[in-house]
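Novice: Next up is a structure, given as structure tokens.
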2 protein chains.
Amino acid sequence: MTEIVVLAGGVGGARYLRGVREAAARRWPDGSGGSTAHITAIVNTGDDAWLAGLRITPDLDSVMYTLAGVSDEQRGWGRVGETERVSAELREYGVGWPWFTLGDLDLGTHIARTSWLREGEPLSAVVKRLQSRWPIGIDLVPMTDAEVETNVQVADETSGSRLMHFQEWWTRHRAGIPAERFVQVGIEGAVPAPGVLDAIEAADALLIAPSNPVVSIGTILAVPGLRDALRSAPARVVGVSPIIAGAAVRGMADACLQAIHVETSATGVALHYGARDGSADGLLDGWLVDTADADAVGQLDAAGITTISRPLFMTDLDASAEIAGAALDLALART
Amino acid sequence: MTEIVVLAGGVGGARYLRGVREAAARRWPDGSGGSTAHITAIVNTGDDAWLAGLRITPDLDSVMYTLAGVSDEQRGWGRVGETERVSAELREYGVGWPWFTLGDLDLGTHIARTSWLREGEPLSAVVKRLQSRWPIGIDLVPMTDAEVETNVQVADETSGSRLMHFQEWWTRHRAGIPAERFVQVGIEGAVPAPGVLDAIEAADALLIAPSNPVVSIGTILAVPGLRDALRSAPARVVGVSPIIAGAAVRGMADACLQAIHVETSATGVALHYGARDGSADGLLDGWLVDTADADAVGQLDAAGITTISRPLFMTDLDASAEIAGAALDLALART
């Protein structure tokens with residue numbers, strides 16, 4: 001059985017995972033619409049937050065809902081057919097963040113998750129229980145069971161600088177306040193969730209989704225032991241550029257890249273991840289850039305990252321599956 | 001300022017409190033529709049439960065919603081215009097009690113309450129914050145800040161007998177399983193919530209709502225120190241019979257009375273509460289029975305409980321206000 005492991009953030013990661021699932025079903029059909037390959041998604045939990053006494057895991061939910069076919073594709077987040085009656089009540093009581101809406105359907109997931117966490121179950125077990133409701137065909141695993149929360153350091157007139165939760169910076173301020181740096185609070189004591197290191201070790205292909213390289217993939221890679229596991233794994237590591245022609249395909253990755261002084265370009269992100277055989281902590285064996293960035297191929301090849309240029313806009317399932325298929329080809333090709 | 005204290009359970013207590021508020025506004029008008037009297041309701045919390053990680057307080061909510069004018073009068077519980085989208089999700093995840101529906105609007109209250117409790121606030125402070133949203137004109141105080149949960153002991157084929165949460169017995173089984181006894185788990189260590197004893201001591205009138213005498217009023221009276229405070233308070237204690245012509249006006253009080261071997265009658269309940277000057281732990285100075293139970297007057301008067309018969313069906317606000325007014329008259333009359 002082919003083992004595929006994907007590192008993924010939220011919406012971009014979710015669409016890519018849908019493509020990976022479809023690509024696998026085409027390459028290794030099981031005769032009933034699915035695939036004989038086994039796919040594990042290691043998902044960022046740095047965007048997680050406690051809100052109104054509930055544990056919110058935006059990236060895990062985006063991935064689960066998208067793969068289950070119940071996500072709101074037009075809005076880009078949450079459940080389709082969502083309503084906000086509970087949130088309106090919470091606002092009346094002054095509870096929660098007024099700029100962060102909890103949909104009613106979504107709250108069902110938050111309440112279930114929180115009740116299981118409060119009973120002492122680790123997040124990875126909770127995610128298993130939640131996804132058992134949906135036949136998504138991919139094992140979702142949080143990067144860690146520890147509570148790691150990404151904070152953003154921003155300039156502050158009185159105190160020089162201060163930290164705010166990533167959600168406040170991202171959702172409330174739309175990443176409009178210049179970030180000085182990102183701090184993954186709690187990451188030092190975190191360990192990869194059960195199954196993460198085993199999956200990486202056993203993988204035939206290690207894929208990096210075109211998610212935010214700083215606050216999604218960067219946070220996953222910051223879990224102690226995880227980057228080393230990828231570097232020493234037998235499978236090849238292949239990423240897809242989240243940057244096309246110098247701009248983030250979705251989200252506000254440029255604001256994040258700026259903060260860590262990485263150029264917003266397909267090349268900049270690839271060199272930031274690094275060549276596995278080149279730099280001290282490099283990861284990448286392969287990299288996909290859009291045809292608009294074809295001129296990056298030579299430089300990255302020379303840097304030790306086998307780079308292919310092809311259309312990278314995930315306009316529909318077919319496009320996503322073809323992109324994922326190209327990444328799988330590159331990962332599985334033994335030269 | 002006239003100080004009125006009312007002991008109350010859920011729906012019946014809520015309607016009675018609405019009557020007390022109206023009666024006070026008629027007797028002591030403040031010129032703007034309200035009253036110059038100050039009303040404190042000491043509310044049963046024995047029906048409370050942890051459900052799906054949320055703290056549910058049915059009686060406090062029934063009272064708050066009813067007094068706020070947002071309760072569902074037709075259904076008899078919850079908020080008017082309620083929906084159940086979140087509950088449907090929770091059922092899909094297998095979370096909560098499938099026989100206990102959490103409405104979406106109601107969940108706003110539960111989430112707010114739980115988040116404040118989790119932050120360490122006592123229930124009495126939480127209730128203050130919740131009711132500050134609604135201009136209800138009555139101070140709601142839980143009987144205690146401690147977690148006291150009424151359990152019902154029922155016969156069990158295998159183990160002889162077992163305990164179930166009151167909500168399971170009441171809501172799931174509609175009180176259809178014979179109760180052997182009621183156990184207020186946690187009551188020994190409970191103390192009256194802040195303000196309860198002071199309010200009783202300072203009261204000009206102490207009223208007992210026509211709530212369930214066993215699991216609502218009985219539970220309040222079981223909080224250590226509360227019954228003694230009523231017995232030694234300077235004000236007169238006047239109750240309204242929840243039983244009319246041998247039947248409970250609402251709820252399933254007969255099933256509760258049976259379990260504690262009290263006759264389901266206006267007389268039975270009055271003698272169960274006891275005459276303040278008569279029995280060792282009696283409470284009542286006065287008692288209101290329905291005209292259908294007029295023949296109880298002589299016996300109860302003889303037992304030391306000044307009893308009046310009058311119509312007791314709280315068919316509308318006016319009827320409730322007149323009943324409450326009669327109770328106030330009896331409490332405030334100094335002979």
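Ordering of the structure tokens sets the chain letters (A, B, ...), residue numbers begin anew at 1 in every chain, and ligands are numbered from 1 in the order given.
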Restrict the distance test to only C-alpha atoms, flag each residue of chain A within 7 Å of chain B, and return the flagged residues as a short mmCIF file (atom, residue, chain, number, x, y, z; two decimals) with N, CA, C and O atoms, in the first residue's frame.

Specialist:
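iface-v4.cif written:
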data_model
loop_
_atom_site.label_atom_id
_atom_site.label_comp_id
_atom_site.auth_asym_id
_atom_site.auth_seq_id
_atom_site.Cartn_x
_atom_site.Cartn_y
_atom_site.Cartn_z
N ALA A 52 -14.63 31.71 24.05
CA ALA A 52 -15.90 31.47 24.75
C ALA A 52 -15.89 30.11 25.43
O ALA A 52 -16.91 29.43 25.48
N GLY A 53 -14.72 29.73 25.94
CA GLY A 53 -14.63 28.46 26.66
C GLY A 53 -14.57 27.25 25.75
O GLY A 53 -14.59 26.12 26.22
N ARG A 85 -26.98 32.08 14.78
CA ARG A 85 -27.89 32.45 15.87
C ARG A 85 -27.22 32.42 17.24
O ARG A 85 -27.45 33.29 18.07
N VAL A 86 -26.39 31.43 17.46
CA VAL A 86 -25.71 31.35 18.76
C VAL A 86 -24.74 32.53 18.93
O VAL A 86 -24.68 33.17 19.98
N SER A 87 -24.00 32.82 17.87
CA SER A 87 -23.04 33.93 17.93
C SER A 87 -23.72 35.25 18.27
O SER A 87 -23.17 36.07 19.01
N GLU A 89 -26.31 35.62 20.09
CA GLU A 89 -26.58 35.58 21.53
C GLU A 89 -25.31 35.88 22.32
O GLU A 89 -25.33 36.63 23.29
N LEU A 90 -24.22 35.25 21.90
CA LEU A 90 -22.95 35.45 22.62
C LEU A 90 -22.55 36.93 22.59
O LEU A 90 -22.05 37.46 23.58
N TYR A 93 -24.29 38.86 25.20
CA TYR A 93 -23.73 38.64 26.54
C TYR A 93 -22.30 39.19 26.65
O TYR A 93 -21.71 39.15 27.72
N VAL A 95 -19.66 37.88 25.14
CA VAL A 95 -18.74 36.74 25.23
C VAL A 95 -18.09 36.48 23.88
O VAL A 95 -18.76 36.55 22.84
N ASP A 104 -23.37 28.25 13.66
CA ASP A 104 -24.13 27.30 14.46
C ASP A 104 -23.70 25.85 14.17
O ASP A 104 -23.47 25.07 15.10
N LEU A 105 -23.59 25.50 12.90
CA LEU A 105 -23.18 24.13 12.56
C LEU A 105 -21.75 23.89 13.06
O LEU A 105 -21.44 22.84 13.62
N LEU A 107 -20.34 25.31 15.53
CA LEU A 107 -20.34 25.21 16.99
C LEU A 107 -20.61 23.78 17.46
O LEU A 107 -20.12 23.36 18.51
N GLY A 108 -21.39 23.03 16.69
CA GLY A 108 -21.59 21.63 17.04
C GLY A 108 -20.25 20.92 17.15
O GLY A 108 -19.99 20.18 18.10
N ILE A 111 -18.25 22.29 20.24
CA ILE A 111 -18.76 21.79 21.52
C ILE A 111 -18.38 20.33 21.70
O ILE A 111 -17.94 19.92 22.78
N ALA A 112 -18.53 19.53 20.65
CA ALA A 112 -18.15 18.12 20.74
C ALA A 112 -16.65 18.02 21.06
O ALA A 112 -16.25 17.31 21.99
N THR A 114 -14.61 20.20 22.39
CA THR A 114 -14.26 20.71 23.72
C THR A 114 -14.69 19.75 24.82
O THR A 114 -13.96 19.53 25.79
N SER A 115 -15.86 19.15 24.65
CA SER A 115 -16.32 18.23 25.70
C SER A 115 -15.39 17.03 25.80
O SER A 115 -15.08 16.57 26.89
N LEU A 130 -14.09 12.98 15.66
CA LEU A 130 -14.84 13.93 14.83
C LEU A 130 -14.90 13.45 13.39
O LEU A 130 -15.96 13.43 12.77
N ARG A 133 -17.26 10.72 11.75
CA ARG A 133 -18.60 11.06 11.25
C ARG A 133 -18.62 11.21 9.73
O ARG A 133 -19.66 11.00 9.10
#

Novice: Assign secondary structure with DSSP using the backbone only, and return the residues of region 102-276 of chain B in strand (DSSP E or B) as a PyMOL selection string.

Specialist: chain B and resi 139-142+144+149-156+160-165+179-185+192+205-208+236-240+243-244+247-248+275

Novice: Kindly give the distance, in Å, that separates CA of Ala8 (chain A) and CA of Pro210 (chain A), rounded to a single decimal.

Specialist: 7.8 Å

Novice: So that I can check the surroundings of Gly246 (chain B), please list as a list in words every protein, DNA and RNA residue that reaches within 7 Å of it, counting only C-alpha atoms and ignoring chain neighbours fewer than 3 positions away.

Specialist: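 Non-adjacent residues within range: Ile243, Thr264 and Ser265 of chain B.
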
Novice: Go ahead and write the selection's residues with N, CA and C atoms as a short mmCIF file (atom, residue, chain, number, x, y, z; two decimals), in the first residue's frame.

Specialist:
data_model
loop_
_atom_site.label_atom_id
_atom_site.label_comp_id
_atom_site.auth_asym_id
_atom_site.auth_seq_id
_atom_site.Cartn_x
_atom_site.Cartn_y
_atom_site.Cartn_z
N ILE B 243 -50.57 22.27 44.30
CA ILE B 243 -51.55 21.19 44.09
C ILE B 243 -52.95 21.79 44.17
N THR B 264 -50.60 13.90 47.69
CA THR B 264 -50.69 14.93 46.66
C THR B 264 -51.95 15.74 46.89
N SER B 265 -51.84 16.70 47.80
CA SER B 265 -52.98 17.57 48.10
C SER B 265 -52.44 18.87 48.66
#

Novice: Could you list, as a ChimeraX atom specification, every residue within 9 Å of Gly189 (chain A), counting only C-alpha atoms and ignoring same-chain residues fewer than 3 positions away?

Specialist: /A:146,186,223-224

Novice: For Val215 (chain A), please output as a short mmCIF file (atom, residue, chain, number, x, y, z; two decimals) with N, CA, C and O atoms, in the first residue's frame all residues within 10 Å (counting only C-alpha atoms; exclusion window: fewer than 6 positions along the same chain).

Specialist:
data_model
loop_
_atom_site.label_atom_id
_atom_site.label_comp_id
_atom_site.auth_asym_id
_atom_site.auth_seq_id
_atom_site.Cartn_x
_atom_site.Cartn_y
_atom_site.Cartn_z
N GLY A 9 -2.02 23.24 5.95
CA GLY A 9 -2.69 24.25 6.76
C GLY A 9 -4.18 24.18 6.50
O GLY A 9 -4.73 23.08 6.32
N ASN A 44 -1.68 21.79 10.70
CA ASN A 44 -1.29 22.89 11.60
C ASN A 44 -2.35 23.13 12.67
O ASN A 44 -3.54 23.18 12.38
N THR A 45 -1.90 23.28 13.90
CA THR A 45 -2.83 23.64 14.98
C THR A 45 -2.43 24.96 15.64
O THR A 45 -2.97 25.32 16.70
N GLY A 46 -1.49 25.66 15.04
CA GLY A 46 -1.03 26.93 15.62
C GLY A 46 -2.08 28.03 15.59
O GLY A 46 -1.99 29.00 16.34
N ASP A 47 -3.09 27.89 14.73
CA ASP A 47 -4.17 28.90 14.67
C ASP A 47 -5.24 28.62 15.71
O ASP A 47 -6.21 29.39 15.82
N THR A 150 0.01 30.31 17.87
CA THR A 150 0.84 31.29 17.20
C THR A 150 0.44 32.70 17.64
O THR A 150 -0.74 33.05 17.58
N ASN A 151 1.42 33.44 18.11
CA ASN A 151 1.19 34.84 18.44
C ASN A 151 2.00 35.70 17.49
O ASN A 151 3.02 35.25 16.94
N VAL A 152 1.55 36.91 17.31
CA VAL A 152 2.21 37.84 16.40
C VAL A 152 2.72 39.01 17.22
O VAL A 152 1.97 39.60 18.00
N PHE A 166 -2.65 35.03 16.89
CA PHE A 166 -2.66 35.02 15.44
C PHE A 166 -4.04 35.32 14.86
O PHE A 166 -4.17 36.06 13.88
N PHE A 182 6.77 36.06 14.54
CA PHE A 182 5.74 35.12 14.98
C PHE A 182 6.32 34.27 16.11
O PHE A 182 7.47 33.83 16.03
N VAL A 183 5.54 34.09 17.13
CA VAL A 183 5.98 33.31 18.28
C VAL A 183 5.00 32.15 18.46
O VAL A 183 3.80 32.38 18.61
N GLN A 184 5.51 30.94 18.41
CA GLN A 184 4.64 29.78 18.63
C GLN A 184 4.66 29.47 20.13
O GLN A 184 5.53 28.73 20.60
N LEU A 221 6.54 22.63 11.05
CA LEU A 221 7.97 22.29 11.04
C LEU A 221 8.66 22.69 12.34
O LEU A 221 9.74 22.18 12.66
N ALA A 222 8.04 23.61 13.10
CA ALA A 222 8.64 24.07 14.34
C ALA A 222 8.38 23.12 15.51
O ALA A 222 8.97 23.27 16.58
N ALA A 253 -0.15 35.57 2.78
CA ALA A 253 1.16 35.00 3.06
C ALA A 253 2.27 36.03 2.93
O ALA A 253 3.29 35.94 3.63
N CYS A 256 3.20 37.60 6.07
CA CYS A 256 3.94 36.68 6.95
C CYS A 256 5.38 36.54 6.47
O CYS A 256 6.32 36.53 7.28
N LEU A 257 5.56 36.41 5.17
CA LEU A 257 6.91 36.24 4.61
C LEU A 257 7.76 37.47 4.88
O LEU A 257 8.93 37.36 5.25
#

Novice: If you run DSSP on this backbone, which residues of region 68-114 of chain B come out as helix (DSSP H, G or I), and could you give them as JSON, numbers by chain?

Specialist: {"B": [68, 85, 86, 87, 88, 89, 90, 91, 92, 93, 104, 105, 106, 107, 108, 109, 110, 111, 112, 113, 114]}

Novice: Report, in Å to a single decimal, how far apart CA of Pro122 (chain B) and CA of Arg15 (chain B) are.

Specialist: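 Result for CA of Arg15 (chain B) versus CA of Pro122 (chain B): 26.3 Å, one decimal.
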
Novice: Please provide as a PyMOL selection string all residues within 10 Å of Val289 (chain A), with the sequence filter that same-chain residues fewer than 3 positions apart are discarded (counting only C-alpha atoms).

Specialist: chain A and resi 239-245+265-267+270+292-297+307-312

Novice: For the residues selected in the previous step, produce a file with all heavy atoms as a compact mmCIF listing (two decimals), in the first residue's frame.

Specialist:
# COMPACT_ATOMS: atom_id res chain seq x y z
N GLY A 239 7.20 19.85 -2.42
CA GLY A 239 6.27 20.92 -2.08
C GLY A 239 5.67 21.58 -3.31
O GLY A 239 6.17 21.43 -4.42
N VAL A 240 4.58 22.30 -3.07
CA VAL A 240 3.91 23.07 -4.13
C VAL A 240 3.96 24.54 -3.70
O VAL A 240 3.59 24.86 -2.56
CB VAL A 240 2.45 22.62 -4.31
CG1 VAL A 240 1.71 23.54 -5.28
CG2 VAL A 240 2.40 21.18 -4.79
N SER A 241 4.40 25.39 -4.59
CA SER A 241 4.53 26.80 -4.23
C SER A 241 3.17 27.45 -3.96
O SER A 241 2.25 27.35 -4.78
CB SER A 241 5.22 27.58 -5.34
OG SER A 241 5.26 28.96 -4.98
N PRO A 242 3.03 28.12 -2.82
CA PRO A 242 1.80 28.87 -2.55
C PRO A 242 1.86 30.26 -3.18
O PRO A 242 0.89 31.01 -3.10
CB PRO A 242 1.79 28.96 -1.02
CG PRO A 242 3.24 29.03 -0.67
CD PRO A 242 3.97 28.18 -1.69
N ILE A 243 3.00 30.58 -3.78
CA ILE A 243 3.20 31.90 -4.39
C ILE A 243 3.25 31.73 -5.91
O ILE A 243 3.99 30.87 -6.41
CB ILE A 243 4.51 32.55 -3.91
CG1 ILE A 243 4.59 32.56 -2.37
CG2 ILE A 243 4.67 33.96 -4.50
CD1 ILE A 243 3.59 33.45 -1.69
N ILE A 244 2.46 32.51 -6.60
CA ILE A 244 2.46 32.49 -8.07
C ILE A 244 2.70 33.91 -8.55
O ILE A 244 1.98 34.84 -8.16
CB ILE A 244 1.13 31.94 -8.62
CG1 ILE A 244 0.95 30.46 -8.21
CG2 ILE A 244 1.08 32.09 -10.14
CD1 ILE A 244 -0.33 29.81 -8.69
N ALA A 245 3.72 34.05 -9.36
CA ALA A 245 4.05 35.38 -9.92
C ALA A 245 4.17 36.43 -8.82
O ALA A 245 3.65 37.55 -8.97
CB ALA A 245 3.02 35.78 -10.97
N SER A 265 8.03 35.00 -3.29
CA SER A 265 8.19 34.44 -4.63
C SER A 265 8.30 32.93 -4.50
O SER A 265 8.61 32.41 -3.42
CB SER A 265 9.45 34.98 -5.31
OG SER A 265 10.61 34.42 -4.70
N ALA A 266 8.03 32.24 -5.58
CA ALA A 266 8.13 30.78 -5.59
C ALA A 266 9.55 30.36 -5.21
O ALA A 266 9.76 29.38 -4.48
CB ALA A 266 7.76 30.23 -6.96
N THR A 267 10.53 31.12 -5.68
CA THR A 267 11.93 30.82 -5.35
C THR A 267 12.22 31.11 -3.89
O THR A 267 12.86 30.31 -3.19
CB THR A 267 12.87 31.69 -6.23
OG1 THR A 267 12.49 31.51 -7.60
CG2 THR A 267 14.31 31.31 -6.01
N ALA A 270 10.85 28.38 -1.69
CA ALA A 270 11.60 27.12 -1.85
C ALA A 270 12.93 27.20 -1.12
O ALA A 270 13.32 26.28 -0.40
CB ALA A 270 11.81 26.83 -3.33
N ALA A 292 4.04 30.57 -14.65
CA ALA A 292 4.42 31.99 -14.58
C ALA A 292 5.78 32.17 -13.91
O ALA A 292 6.43 33.21 -14.05
CB ALA A 292 3.36 32.78 -13.80
N ASP A 293 6.21 31.16 -13.17
CA ASP A 293 7.48 31.24 -12.46
C ASP A 293 8.51 30.28 -13.05
O ASP A 293 9.45 29.86 -12.35
CB ASP A 293 7.28 30.93 -10.97
CG ASP A 293 6.35 31.94 -10.30
OD1 ASP A 293 6.62 33.15 -10.44
OD2 ASP A 293 5.36 31.52 -9.66
N ALA A 294 8.32 29.95 -14.32
CA ALA A 294 9.20 28.96 -14.96
C ALA A 294 10.68 29.34 -14.87
O ALA A 294 11.55 28.47 -14.81
CB ALA A 294 8.78 28.76 -16.42
N ASP A 295 10.93 30.63 -14.82
CA ASP A 295 12.35 31.04 -14.77
C ASP A 295 13.00 30.70 -13.43
O ASP A 295 14.22 30.88 -13.28
CB ASP A 295 12.49 32.52 -15.11
CG ASP A 295 11.65 33.41 -14.19
OD1 ASP A 295 10.94 32.85 -13.32
OD2 ASP A 295 11.70 34.64 -14.35
N ALA A 296 12.24 30.23 -12.47
CA ALA A 296 12.83 29.84 -11.18
C ALA A 296 13.45 28.45 -11.26
O ALA A 296 14.29 28.08 -10.42
CB ALA A 296 11.75 29.84 -10.09
N VAL A 297 13.05 27.68 -12.27
CA VAL A 297 13.45 26.27 -12.33
C VAL A 297 14.97 26.11 -12.32
O VAL A 297 15.53 25.33 -11.53
CB VAL A 297 12.84 25.59 -13.58
CG1 VAL A 297 13.38 24.17 -13.75
CG2 VAL A 297 11.31 25.56 -13.47
N THR A 307 12.94 21.03 -9.67
CA THR A 307 11.78 21.91 -9.79
C THR A 307 11.10 21.73 -11.14
O THR A 307 11.75 21.58 -12.17
CB THR A 307 12.22 23.37 -9.60
OG1 THR A 307 12.83 23.49 -8.31
CG2 THR A 307 11.03 24.32 -9.69
N ILE A 308 9.79 21.68 -11.09
CA ILE A 308 8.97 21.54 -12.29
C ILE A 308 8.03 22.73 -12.34
O ILE A 308 7.48 23.14 -11.31
CB ILE A 308 8.15 20.23 -12.23
CG1 ILE A 308 9.08 19.03 -12.45
CG2 ILE A 308 7.01 20.24 -13.23
CD1 ILE A 308 8.40 17.69 -12.24
N SER A 309 7.83 23.28 -13.54
CA SER A 309 6.83 24.34 -13.66
C SER A 309 5.61 23.79 -14.40
O SER A 309 5.74 23.05 -15.38
CB SER A 309 7.40 25.56 -14.38
OG SER A 309 7.46 25.34 -15.78
N ARG A 310 4.44 24.11 -13.85
CA ARG A 310 3.17 23.66 -14.43
C ARG A 310 2.06 24.56 -13.85
O ARG A 310 2.29 25.27 -12.87
CB ARG A 310 2.90 22.20 -14.08
CG ARG A 310 2.68 22.00 -12.59
CD ARG A 310 2.21 20.63 -12.19
NE ARG A 310 1.39 19.93 -13.15
CZ ARG A 310 0.10 20.18 -13.39
NH1 ARG A 310 -0.52 21.16 -12.72
NH2 ARG A 310 -0.58 19.47 -14.26
N PRO A 311 0.88 24.55 -14.44
CA PRO A 311 -0.18 25.40 -13.88
C PRO A 311 -0.47 25.00 -12.42
O PRO A 311 -0.60 23.81 -12.12
CB PRO A 311 -1.38 25.09 -14.78
CG PRO A 311 -0.78 24.60 -16.06
CD PRO A 311 0.45 23.85 -15.67
N LEU A 312 -0.54 25.98 -11.53
CA LEU A 312 -0.73 25.68 -10.10
C LEU A 312 -2.02 26.23 -9.51
O LEU A 312 -2.24 26.11 -8.31
CB LEU A 312 0.46 26.20 -9.28
CG LEU A 312 1.77 25.43 -9.36
CD1 LEU A 312 2.72 25.89 -8.26
CD2 LEU A 312 1.56 23.92 -9.24

Novice: Just how far from CA of His38 (chain A) is CA of Ile200 (chain A), in Å to one decimal?

Specialist: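 Those two atoms sit 12.4 Å apart.
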